[in-house]
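Only one structure is covered here, and it is reproduced in the block below.
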Amino acid sequence: MPTNNPRPTAQIAGHPPHPMLVGFPITFFVATLVCDVVYWRLGLPGWALATQGCAGLVMAALAAVAGLTDLLGDRRIRDIGDVWLHAGGNVVVVLLELYNF
């Protein structure tokens, strides 16, 4: 039975990479925030050093490429209003993280 739900354009072995990748930048960005708060409260330089990695930015870029592939590949995905809120929110968070870096 055919379905009218949008399908991800980007796939690896039949699985969409975007949902698999988004957890990584979220985890890295939250960890960076925690390290920043601990550094702010304790002033220990090791915590400031822990926030200098760019793994979150790299993973966010990979997730963005997969998400953009899905966005450009299916008109039905572009028609979902929350997709644009999701994309805009991600751009804001990545810009904040880039500023923090």
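Letters A, B, ... mark the chains of the structure tokens in the order given; residue numbers begin at 1 per chain; ligand numbers begin at 1, in order shown.
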*DSSP helix (DSSP H, G or I) residues within chain A, listed as an MDAnalysis selection string*: chainID A and resid 17:21 23:42 45:50 55:73 75:78 81:100
*Name the residues in contact with stretch 57-68 of chain A at a cut-off of 9 Å, using only C-alpha atoms, excluding same-chain residues fewer than 4 positions from it; report them as a PyMOL selection string.*
chain A and resi 8-11+16-22+24-26+28-29+53+72-73+87+90+94+97-98
Just want the 10 Å neighbourhood of A:Leu49, counted on only C-alpha atoms, with same-chain residues fewer than 5 positions away dropped. Output as an mmCIF file with N, CA and C atoms, in the first residue's frame.
data_model
loop_
_atom_site.group_PDB
_atom_site.id
_atom_site.type_symbol
_atom_site.label_atom_id
_atom_site.label_comp_id
_atom_site.auth_asym_id
_atom_site.auth_seq_id
_atom_site.Cartn_x
_atom_site.Cartn_y
_atom_site.Cartn_z
ATOM 1 N N CYS A 35 30.395 22.311 30.617
ATOM 2 C CA CYS A 35 31.795 22.664 30.896
ATOM 3 C C CYS A 35 31.959 24.172 31.082
ATOM 4 N N ASP A 36 31.261 24.959 30.278
ATOM 5 C CA ASP A 36 31.325 26.419 30.429
ATOM 6 C C ASP A 36 30.791 26.859 31.786
ATOM 7 N N TYR A 39 33.261 25.857 34.486
ATOM 8 C CA TYR A 39 34.406 26.778 34.454
ATOM 9 C C TYR A 39 34.032 28.131 35.057
ATOM 10 N N LEU A 44 38.473 26.742 37.046
ATOM 11 C CA LEU A 44 39.572 25.811 36.767
ATOM 12 C C LEU A 44 39.816 25.757 35.257
#
*In Å, how far is it from atom CA of A:Phe101 to atom CA of A:His86?*
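So the two atoms, atom CA of A:Phe101 and atom CA of A:His86, lie 22.3 Å apart.
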*Mind checking which residues fall within 10 Å of A:Val83, counting only C-alpha atoms, ignoring those fewer than 5 positions away in the same chain, and posting them as a ChimeraX atom specification?*
/A:67,71,77-78,88-89
*Can you work out the spacing between atom CA of A:Val30 and atom CA of A:Ile80 in Å, to one decimal?*
27.1 Å
*asked:* Could you tell me how far atom CA of A:Leu85 sits from atom CA of A:Thr32, in Å to one decimal place?
replied: 23.3 Å
*Distance criterion (only C-alpha atoms): nearest to A:Tyr99 out of A:Arg76, A:Ala13, A:Trp40, A:Thr51*: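 Closest residue, counting only C-alpha atoms: A:Thr51.
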